[in-house]
>>> print(open('work-v6.pdb').read())   # PDB, C-alpha atoms and all ligand atoms
ATOM      1  CA  MET A  25      17.609   1.942 -13.603
ATOM      2  CA  LYS A  26      13.948   3.027 -13.325
ATOM      3  CA  ASN A  27      12.292   3.985 -10.048
ATOM      4  CA  ILE A  28       8.969   2.438  -9.121
ATOM      5  CA  ALA A  29       6.481   3.375  -6.397
ATOM      6  CA  VAL A  30       3.980   0.700  -5.332
ATOM      7  CA  PHE A  31       0.690   1.643  -3.634
ATOM      8  CA  ALA A  32      -1.124  -1.018  -1.601
ATOM      9  CA  SER A  33      -3.789  -1.282   1.079
ATOM     10  CA  GLY A  34      -3.731  -4.926   2.107
ATOM     11  CA  SER A  35      -1.772  -8.125   1.951
ATOM     12  CA  GLY A  36       0.785  -6.991  -0.599
ATOM     13  CA  THR A  37       1.408 -10.192  -2.546
ATOM     14  CA  ASN A  38       1.682  -8.152  -5.755
ATOM     15  CA  PHE A  39       4.101  -5.785  -4.020
ATOM     16  CA  GLU A  40       6.153  -8.833  -3.065
ATOM     17  CA  ALA A  41       6.117 -10.226  -6.617
ATOM     18  CA  LEU A  42       7.432  -6.901  -7.925
ATOM     19  CA  ALA A  43      10.003  -6.573  -5.124
ATOM     20  CA  GLN A  44      11.293 -10.098  -5.732
ATOM     21  CA  ALA A  45      11.550  -9.442  -9.457
ATOM     22  CA  CYS A  46      13.556  -6.257  -8.794
ATOM     23  CA  GLU A  47      15.855  -8.054  -6.378
ATOM     24  CA  ALA A  48      16.537 -11.265  -8.248
ATOM     25  CA  GLY A  49      14.110 -11.739 -11.134
ATOM     26  CA  ALA A  50      13.056 -10.280 -14.448
ATOM     27  CA  LEU A  51      13.313  -6.659 -13.223
ATOM     28  CA  LYS A  52      16.799  -6.979 -11.751
ATOM     29  CA  GLY A  53      18.977  -4.207 -13.156
ATOM     30  CA  VAL A  54      15.913  -2.655 -14.821
ATOM     31  CA  ALA A  55      13.975  -1.242 -11.878
ATOM     32  CA  ARG A  56      13.939  -0.783  -8.138
ATOM     33  CA  ILE A  57      11.089   0.025  -5.764
ATOM     34  CA  VAL A  58      11.930   3.357  -4.135
ATOM     35  CA  LEU A  59       8.698   3.821  -2.186
ATOM     36  CA  MET A  60       5.761   1.745  -0.927
ATOM     37  CA  VAL A  61       2.687   3.840  -0.122
ATOM     38  CA  CYS A  62       0.016   2.367   2.148
ATOM     39  CA  ASP A  63      -3.206   4.011   3.357
ATOM     40  CA  LYS A  64      -3.946   1.313   5.981
ATOM     41  CA  PRO A  65      -1.738   1.393   9.074
ATOM     42  CA  GLY A  66      -1.286  -2.237  10.139
ATOM     43  CA  ALA A  67      -1.678  -3.751   6.648
ATOM     44  CA  ALA A  68       0.449  -6.830   5.986
ATOM     45  CA  VAL A  69       2.175  -5.142   3.046
ATOM     46  CA  ILE A  70       4.109  -2.942   5.506
ATOM     47  CA  ALA A  71       6.026  -5.901   6.959
ATOM     48  CA  ARG A  72       6.720  -7.157   3.436
ATOM     49  CA  ALA A  73       8.249  -3.787   2.507
ATOM     50  CA  GLU A  74      10.424  -3.895   5.621
ATOM     51  CA  ARG A  75      11.649  -7.365   4.690
ATOM     52  CA  PHE A  76      12.754  -6.073   1.295
ATOM     53  CA  GLY A  77      14.303  -2.933   2.776
ATOM     54  CA  VAL A  78      11.867  -0.743   0.833
ATOM     55  CA  GLU A  79      11.004   2.654   2.306
ATOM     56  CA  SER A  80       7.330   2.939   3.292
ATOM     57  CA  PHE A  81       5.015   5.879   3.594
ATOM     58  CA  VAL A  82       2.088   4.695   5.719
ATOM     59  CA  PHE A  83      -0.657   7.187   6.369
ATOM     60  CA  SER A  84      -4.177   7.420   7.674
ATOM     61  CA  PRO A  85      -6.363   9.427   5.258
ATOM     62  CA  LYS A  86      -8.474  10.651   8.190
ATOM     63  CA  SER A  87      -5.556  12.584   9.602
ATOM     64  CA  TYR A  88      -5.467  14.839   6.522
ATOM     65  CA  GLY A  89      -7.941  17.581   5.704
ATOM     66  CA  SER A  90      -8.567  16.281   2.178
ATOM     67  CA  LYS A  91      -7.494  13.750  -0.456
ATOM     68  CA  SER A  92      -5.701  16.557  -2.246
ATOM     69  CA  GLU A  93      -3.596  17.185   0.854
ATOM     70  CA  PHE A  94      -2.275  13.633   1.249
ATOM     71  CA  GLU A  95      -1.900  13.166  -2.498
ATOM     72  CA  GLY A  96       0.220  16.327  -2.531
ATOM     73  CA  VAL A  97       2.503  14.906   0.160
ATOM     74  CA  ILE A  98       2.813  11.603  -1.731
ATOM     75  CA  SER A  99       3.503  13.384  -5.039
ATOM     76  CA  ASP A 100       6.242  15.478  -3.405
ATOM     77  CA  MET A 101       7.842  12.307  -2.033
ATOM     78  CA  MET A 102       7.699  10.682  -5.465
ATOM     79  CA  ASP A 103       9.193  13.783  -7.120
ATOM     80  CA  GLU A 104      12.082  13.706  -4.647
ATOM     81  CA  ARG A 105      12.724  10.047  -5.414
ATOM     82  CA  GLY A 106      12.423  10.465  -9.184
ATOM     83  CA  VAL A 107       9.579   7.978  -9.616
ATOM     84  CA  ASP A 108       9.162   6.822 -13.224
ATOM     85  CA  LEU A 109       6.226   4.439 -12.749
ATOM     86  CA  VAL A 110       3.511   4.090 -10.104
ATOM     87  CA  CYS A 111       2.055   0.593  -9.680
ATOM     88  CA  LEU A 112      -1.240   0.375  -7.827
ATOM     89  CA  ALA A 113      -1.345  -3.093  -6.283
ATOM     90  CA  GLY A 114      -4.523  -3.477  -4.263
ATOM     91  CA  TYR A 115      -4.655   0.238  -3.388
ATOM     92  CA  MET A 116      -8.357   0.419  -2.535
ATOM     93  CA  ARG A 117      -8.809   4.135  -3.010
ATOM     94  CA  ILE A 118      -9.785   6.212  -6.030
ATOM     95  CA  VAL A 119      -6.886   8.293  -7.292
ATOM     96  CA  GLY A 120      -7.759  11.975  -7.143
ATOM     97  CA  ASP A 121      -7.020  15.038  -9.251
ATOM     98  CA  THR A 122      -3.875  16.057  -7.374
ATOM     99  CA  LEU A 123      -2.051  12.797  -8.031
ATOM    100  CA  LEU A 124      -3.448  12.538 -11.561
ATOM    101  CA  SER A 125      -2.450  16.080 -12.486
ATOM    102  CA  ARG A 126       1.143  15.295 -11.530
ATOM    103  CA  TYR A 127       1.483  11.605 -12.472
ATOM    104  CA  GLU A 128      -1.172  10.712 -15.078
ATOM    105  CA  GLY A 129       0.464   8.634 -17.801
ATOM    106  CA  LYS A 130       2.760   7.049 -15.243
ATOM    107  CA  ILE A 131       0.177   5.248 -13.079
ATOM    108  CA  ILE A 132      -0.986   1.689 -13.737
ATOM    109  CA  ASN A 133      -3.372  -0.567 -11.826
ATOM    110  CA  ILE A 134      -4.011  -4.287 -11.595
ATOM    111  CA  HIS A 135      -7.666  -5.314 -11.359
ATOM    112  CA  PRO A 136      -9.101  -8.799 -10.780
ATOM    113  CA  SER A 137     -11.566  -8.937 -13.683
ATOM    114  CA  LEU A 138     -11.686  -8.699 -17.451
ATOM    115  CA  LEU A 139     -12.448  -4.978 -17.700
ATOM    116  CA  PRO A 140     -14.724  -3.320 -18.625
ATOM    117  CA  SER A 141     -16.722  -6.025 -16.805
ATOM    118  CA  PHE A 142     -16.888  -5.938 -13.016
ATOM    119  CA  LYS A 143     -15.320  -2.653 -12.016
ATOM    120  CA  GLY A 144     -14.960  -1.676  -8.377
ATOM    121  CA  ALA A 145     -13.833  -3.137  -5.093
ATOM    122  CA  HIS A 146     -15.700  -6.473  -5.257
ATOM    123  CA  ALA A 147     -14.906  -7.575  -8.793
ATOM    124  CA  VAL A 148     -14.360 -11.269  -8.059
ATOM    125  CA  GLU A 149     -17.435 -11.596  -5.841
ATOM    126  CA  ASP A 150     -19.542  -9.749  -8.425
ATOM    127  CA  ALA A 151     -18.298 -12.001 -11.243
ATOM    128  CA  VAL A 152     -18.996 -15.170  -9.208
ATOM    129  CA  GLU A 153     -22.446 -13.855  -8.318
ATOM    130  CA  TYR A 154     -23.139 -13.150 -11.991
ATOM    131  CA  GLY A 155     -22.137 -16.734 -12.830
ATOM    132  CA  VAL A 156     -19.379 -16.060 -15.359
ATOM    133  CA  LYS A 157     -17.285 -19.024 -16.513
ATOM    134  CA  VAL A 158     -14.291 -17.050 -17.767
ATOM    135  CA  PHE A 159     -12.515 -14.845 -15.238
ATOM    136  CA  GLY A 160      -9.473 -12.690 -15.670
ATOM    137  CA  ILE A 161      -6.991 -10.025 -14.731
ATOM    138  CA  THR A 162      -6.487  -6.595 -16.293
ATOM    139  CA  ILE A 163      -3.643  -4.097 -16.077
ATOM    140  CA  HIS A 164      -4.628  -0.618 -17.221
ATOM    141  CA  TRP A 165      -3.581   3.016 -17.149
ATOM    142  CA  VAL A 166      -5.198   4.993 -14.366
ATOM    143  CA  ASN A 167      -7.313   8.026 -15.205
ATOM    144  CA  ALA A 168     -10.234   9.818 -13.580
ATOM    145  CA  ALA A 169     -12.742   7.066 -14.491
ATOM    146  CA  LEU A 170     -12.993   4.201 -11.992
ATOM    147  CA  ASP A 171     -11.144   1.208 -13.501
ATOM    148  CA  GLY A 172     -11.641   2.968 -16.817
ATOM    149  CA  GLY A 173      -8.221   3.791 -18.284
ATOM    150  CA  LYS A 174      -6.809   2.224 -21.426
ATOM    151  CA  ILE A 175      -6.043  -1.495 -21.117
ATOM    152  CA  ILE A 176      -2.381  -2.536 -21.272
ATOM    153  CA  ALA A 177      -2.608  -6.296 -20.645
ATOM    154  CA  GLN A 178      -5.193  -8.965 -19.859
ATOM    155  CA  ARG A 179      -5.216 -12.681 -19.039
ATOM    156  CA  SER A 180      -8.227 -14.916 -18.705
ATOM    157  CA  PHE A 181      -8.793 -18.227 -16.970
ATOM    158  CA  ASP A 182     -11.671 -20.686 -16.894
ATOM    159  CA  TYR A 183     -13.420 -21.566 -13.676
ATOM    160  CA  GLU A 184     -16.801 -23.157 -13.178
ATOM    161  CA  GLY A 185     -18.016 -22.853  -9.647
ATOM    162  CA  SER A 186     -19.003 -20.424  -6.968
ATOM    163  CA  ASP A 187     -16.024 -20.313  -4.624
ATOM    164  CA  ALA A 188     -14.816 -16.694  -4.700
ATOM    165  CA  ALA A 189     -11.779 -17.535  -2.558
ATOM    166  CA  GLU A 190     -10.675 -20.064  -5.172
ATOM    167  CA  VAL A 191     -11.091 -17.484  -7.952
ATOM    168  CA  HIS A 192      -8.964 -15.032  -5.932
ATOM    169  CA  ARG A 193      -6.321 -17.728  -5.480
ATOM    170  CA  LEU A 194      -6.238 -18.670  -9.175
ATOM    171  CA  GLY A 195      -6.232 -15.011 -10.190
ATOM    172  CA  GLN A 196      -3.391 -14.008  -7.915
ATOM    173  CA  VAL A 197      -1.033 -16.580  -9.428
ATOM    174  CA  ILE A 198      -1.680 -14.919 -12.792
ATOM    175  CA  GLU A 199      -1.478 -11.405 -11.342
ATOM    176  CA  HIS A 200       2.020 -11.840  -9.955
ATOM    177  CA  GLN A 201       3.408 -13.015 -13.290
ATOM    178  CA  LEU A 202       1.435 -10.546 -15.407
ATOM    179  CA  TYR A 203       2.394  -7.537 -13.280
ATOM    180  CA  VAL A 204       6.105  -8.276 -13.513
ATOM    181  CA  ASP A 205       5.902  -9.001 -17.279
ATOM    182  CA  THR A 206       3.923  -5.819 -17.949
ATOM    183  CA  VAL A 207       6.176  -3.555 -15.864
ATOM    184  CA  LEU A 208       9.189  -5.005 -17.672
ATOM    185  CA  LYS A 209       7.608  -4.349 -21.065
ATOM    186  CA  LEU A 210       6.633  -0.780 -20.140
ATOM    187  CA  LEU A 211      10.017   0.106 -18.697
ATOM    188  CA  THR A 212      11.959  -1.362 -21.587
ATOM    189  CA  GLY A 213       9.700   0.248 -24.179
ATOM    190  CA  ALA A 214       8.355  -3.082 -25.503
ATOM    191  CA  VAL A 215       4.843  -1.757 -24.816
ATOM    192  CA  LYS A 216       3.846   1.893 -24.990
TER     193      LYS A 216
HETATM  194  C1  LIG B   1      -5.335  -7.934  -6.060
HETATM  195  O1  LIG B   1      -5.996  -9.134  -6.359
HETATM  196  C2  LIG B   1      -5.779  -6.826  -6.976
HETATM  197  O2  LIG B   1      -6.160  -7.284  -8.238
HETATM  198  C3  LIG B   1      -6.952  -6.271  -6.221
HETATM  199  O3  LIG B   1      -6.552  -6.300  -4.882
HETATM  200  C4  LIG B   1      -5.733  -7.437  -4.672
HETATM  201  C5  LIG B   1      -4.545  -7.060  -3.831
HETATM  202  O4  LIG B   1      -3.842  -8.195  -3.475
HETATM  203  N1  LIG B   1      -7.250  -4.941  -6.650
HETATM  204  C6  LIG B   1      -8.489  -4.469  -6.774
HETATM  205  O5  LIG B   1      -9.480  -5.107  -6.473
HETATM  206  C7  LIG B   1      -8.575  -3.047  -7.299
HETATM  207  N2  LIG B   1      -9.900  -2.705  -7.623
HETATM  208  P1  LIG B   1      -2.391  -8.087  -2.816
HETATM  209  O6  LIG B   1      -2.501  -7.078  -1.674
HETATM  210  O7  LIG B   1      -2.108  -9.461  -2.295
HETATM  211  O8  LIG B   1      -1.433  -7.645  -3.881
END
>>> encode(input="work-v6.pdb", output="structure tokens")
Amino acid sequence: MKNIAVFASGSGTNFEALAQACEAGALKGVARIVLMVCDKPGAAVIARAERFGVESFVFSPKSYGSKSEFEGVISDMMDERGVDLVCLAGYMRIVGDTLLSRYEGKIINIHPSLLPSFKGAHAVEDAVEYGVKVFGITIHWVNAALDGGKIIAQRSFDYEGSDAAEVHRLGQVIEHQLYVDTVLKLLTGAVK
């Protein structure tokens, strides 16, 4: 059984997709979520974690002296729980040196664009604004470059229009499936 940590800042639908898969889906018997890390007290993902009985570490970055300080606390918690894989799922914060020095090679992220196009926090809005007709989702390794690590998996979908909310909705359906499939492949060695 592999131990996963999921980091999120918002709604947590990707957290929920992973938690469901661990409980009764494709990841059952393969992985369990041992920690949910959230940097936004009050985010909806916290209630989702409670519903699945997943331990949460919710923190306010402002109450620490530096990023290195809170990343050190998180890394210690992950060491204690024997975390094998860290899944960033809408964690809207750049991972710093402290976490990377201890977990690089074990951290993946899901991003709502076909990287390397449309990096950053407003990928869908930027893609709609640009007028693209093919959108997509990317899962990649996390390194020091923003949304710049090696790509593990991608899916595209066609959409002609300018409704960013609709693109988010279409993309999230793909995200939930792709995240579970990719985590399964990584943890079972089907993808390196
Ligand atoms: C997801 O769509 C994810 O791709 C995006 O945040 C959303 C979180 O949704 N991540 C980024 O934009 C990272 N740059 P969720 O909280 O419902 O899982």
>>> residues_around(input="work-v6.pdb", residues="segment 150-162 of chain A", least_positions_apart="3", cutoff="6 Å", atoms="all atoms listed in the file", output="number ranges by chain")
A: 134-138, 146-147, 177-184, 186
>>> residues_near_point(input="work-v6.pdb", point="(5.8, -0.9, -8.5)", cutoff="12 Å", atoms="all atoms listed in the file", output="PDB file with C-alpha atoms, in the frame of the given file")
ATOM      1  CA  LYS A  26      13.948   3.027 -13.325  1.00  0.00           C
ATOM      2  CA  ASN A  27      12.292   3.985 -10.048  1.00  0.00           C
ATOM      3  CA  ILE A  28       8.969   2.438  -9.121  1.00  0.00           C
ATOM      4  CA  ALA A  29       6.481   3.375  -6.397  1.00  0.00           C
ATOM      5  CA  VAL A  30       3.980   0.700  -5.332  1.00  0.00           C
ATOM      6  CA  PHE A  31       0.690   1.643  -3.634  1.00  0.00           C
ATOM      7  CA  ALA A  32      -1.124  -1.018  -1.601  1.00  0.00           C
ATOM      8  CA  GLY A  36       0.785  -6.991  -0.599  1.00  0.00           C
ATOM      9  CA  THR A  37       1.408 -10.192  -2.546  1.00  0.00           C
ATOM     10  CA  ASN A  38       1.682  -8.152  -5.755  1.00  0.00           C
ATOM     11  CA  PHE A  39       4.101  -5.785  -4.020  1.00  0.00           C
ATOM     12  CA  GLU A  40       6.153  -8.833  -3.065  1.00  0.00           C
ATOM     13  CA  ALA A  41       6.117 -10.226  -6.617  1.00  0.00           C
ATOM     14  CA  LEU A  42       7.432  -6.901  -7.925  1.00  0.00           C
ATOM     15  CA  ALA A  43      10.003  -6.573  -5.124  1.00  0.00           C
ATOM     16  CA  GLN A  44      11.293 -10.098  -5.732  1.00  0.00           C
ATOM     17  CA  ALA A  45      11.550  -9.442  -9.457  1.00  0.00           C
ATOM     18  CA  CYS A  46      13.556  -6.257  -8.794  1.00  0.00           C
ATOM     19  CA  LEU A  51      13.313  -6.659 -13.223  1.00  0.00           C
ATOM     20  CA  ALA A  55      13.975  -1.242 -11.878  1.00  0.00           C
ATOM     21  CA  ARG A  56      13.939  -0.783  -8.138  1.00  0.00           C
ATOM     22  CA  ILE A  57      11.089   0.025  -5.764  1.00  0.00           C
ATOM     23  CA  VAL A  58      11.930   3.357  -4.135  1.00  0.00           C
ATOM     24  CA  LEU A  59       8.698   3.821  -2.186  1.00  0.00           C
ATOM     25  CA  MET A  60       5.761   1.745  -0.927  1.00  0.00           C
ATOM     26  CA  VAL A  61       2.687   3.840  -0.122  1.00  0.00           C
ATOM     27  CA  ALA A  73       8.249  -3.787   2.507  1.00  0.00           C
ATOM     28  CA  VAL A  78      11.867  -0.743   0.833  1.00  0.00           C
ATOM     29  CA  VAL A 107       9.579   7.978  -9.616  1.00  0.00           C
ATOM     30  CA  ASP A 108       9.162   6.822 -13.224  1.00  0.00           C
ATOM     31  CA  LEU A 109       6.226   4.439 -12.749  1.00  0.00           C
ATOM     32  CA  VAL A 110       3.511   4.090 -10.104  1.00  0.00           C
ATOM     33  CA  CYS A 111       2.055   0.593  -9.680  1.00  0.00           C
ATOM     34  CA  LEU A 112      -1.240   0.375  -7.827  1.00  0.00           C
ATOM     35  CA  ALA A 113      -1.345  -3.093  -6.283  1.00  0.00           C
ATOM     36  CA  GLY A 114      -4.523  -3.477  -4.263  1.00  0.00           C
ATOM     37  CA  TYR A 115      -4.655   0.238  -3.388  1.00  0.00           C
ATOM     38  CA  LYS A 130       2.760   7.049 -15.243  1.00  0.00           C
ATOM     39  CA  ILE A 131       0.177   5.248 -13.079  1.00  0.00           C
ATOM     40  CA  ILE A 132      -0.986   1.689 -13.737  1.00  0.00           C
ATOM     41  CA  ASN A 133      -3.372  -0.567 -11.826  1.00  0.00           C
ATOM     42  CA  ILE A 134      -4.011  -4.287 -11.595  1.00  0.00           C
ATOM     43  CA  HIS A 200       2.020 -11.840  -9.955  1.00  0.00           C
ATOM     44  CA  TYR A 203       2.394  -7.537 -13.280  1.00  0.00           C
ATOM     45  CA  VAL A 204       6.105  -8.276 -13.513  1.00  0.00           C
ATOM     46  CA  ASP A 205       5.902  -9.001 -17.279  1.00  0.00           C
ATOM     47  CA  THR A 206       3.923  -5.819 -17.949  1.00  0.00           C
ATOM     48  CA  VAL A 207       6.176  -3.555 -15.864  1.00  0.00           C
ATOM     49  CA  LEU A 208       9.189  -5.005 -17.672  1.00  0.00           C
ATOM     50  CA  LEU A 210       6.633  -0.780 -20.140  1.00  0.00           C
ATOM     51  CA  LEU A 211      10.017   0.106 -18.697  1.00  0.00           C
TER      52      LEU A 211
END
>>> residues_around(input="work-v6.pdb", residues="Ser125 of chain A", least_positions_apart="3", cutoff="12 Å", atoms="all atoms listed in the file", output="PyMOL selection string")
chain A and resi 92+95-96+99+119-122+128-131+166-168
>>> write_last_selection(input="work-v6.pdb", atoms="C-alpha atoms", output="PDB file, in the coordinates of the input")
ATOM      1  CA  SER A  92      -5.701  16.557  -2.246  1.00  0.00           C
ATOM      2  CA  GLU A  95      -1.900  13.166  -2.498  1.00  0.00           C
ATOM      3  CA  GLY A  96       0.220  16.327  -2.531  1.00  0.00           C
ATOM      4  CA  SER A  99       3.503  13.384  -5.039  1.00  0.00           C
ATOM      5  CA  VAL A 119      -6.886   8.293  -7.292  1.00  0.00           C
ATOM      6  CA  GLY A 120      -7.759  11.975  -7.143  1.00  0.00           C
ATOM      7  CA  ASP A 121      -7.020  15.038  -9.251  1.00  0.00           C
ATOM      8  CA  THR A 122      -3.875  16.057  -7.374  1.00  0.00           C
ATOM      9  CA  GLU A 128      -1.172  10.712 -15.078  1.00  0.00           C
ATOM     10  CA  GLY A 129       0.464   8.634 -17.801  1.00  0.00           C
ATOM     11  CA  LYS A 130       2.760   7.049 -15.243  1.00  0.00           C
ATOM     12  CA  ILE A 131       0.177   5.248 -13.079  1.00  0.00           C
ATOM     13  CA  VAL A 166      -5.198   4.993 -14.366  1.00  0.00           C
ATOM     14  CA  ASN A 167      -7.313   8.026 -15.205  1.00  0.00           C
ATOM     15  CA  ALA A 168     -10.234   9.818 -13.580  1.00  0.00           C
TER      16      ALA A 168
END
>>> closest_residue(input="work-v6.pdb", among="A:Gly53, A:Gly213, A:Gly185, A:Gly144", to="ligand LIG 1 (chain B)", atoms="only C-alpha atoms and all ligand atoms")
A:Gly144
>>> closest_residue(input="work-v6.pdb", among="A:Ala188, A:Val97, A:Ile70, A:Leu124", to="Trp165 of chain A", atoms="all atoms listed in the file")
A:Leu124
>>> axis_aligned_box(input="work-v6.pdb", around="segment 81-90 of chain A", padding_each_side="6 Å", output="AutoDock Vina command-line options")
--center_x -1.8 --center_y 11.1 --center_z 5.9 --size_x 25.6 --size_y 24.9 --size_z 19.4
>>> closest_residue(input="work-v6.pdb", among="A:Ile176, A:Ile198, A:Met116, A:Ala214", to="ligand LIG 1 (chain B)", atoms="all atoms listed in the file")
A:Met116
>>> atom_distance(input="work-v6.pdb", atom1="atom CA of Val69 of chain A", atom2="atom CA of Gln196 of chain A")
15.2 Å
>>> closest_residue(input="work-v6.pdb", among="A:Ile175, A:Ile163, A:Met25, A:Val82", to="ligand LIG 1 (chain B)", atoms="all atoms listed in the file")
A:Ile163
>>> closest_residue(input="work-v6.pdb", among="A:Ser33, A:Ser84, A:Lys216, A:Gly89", to="ligand LIG 1 (chain B)", atoms="all atoms listed in the file")
A:Ser33
>>> closest_residue(input="work-v6.pdb", among="A:Leu139, A:Val191, A:Ala145, A:Leu202", to="ligand LIG 1 (chain B)", atoms="all atoms listed in the file")
A:Ala145
>>> atom_distance(input="work-v6.pdb", atom1="atom CA of Ser87 of chain A", atom2="atom CA of Ile118 of chain A")
17.4 Å
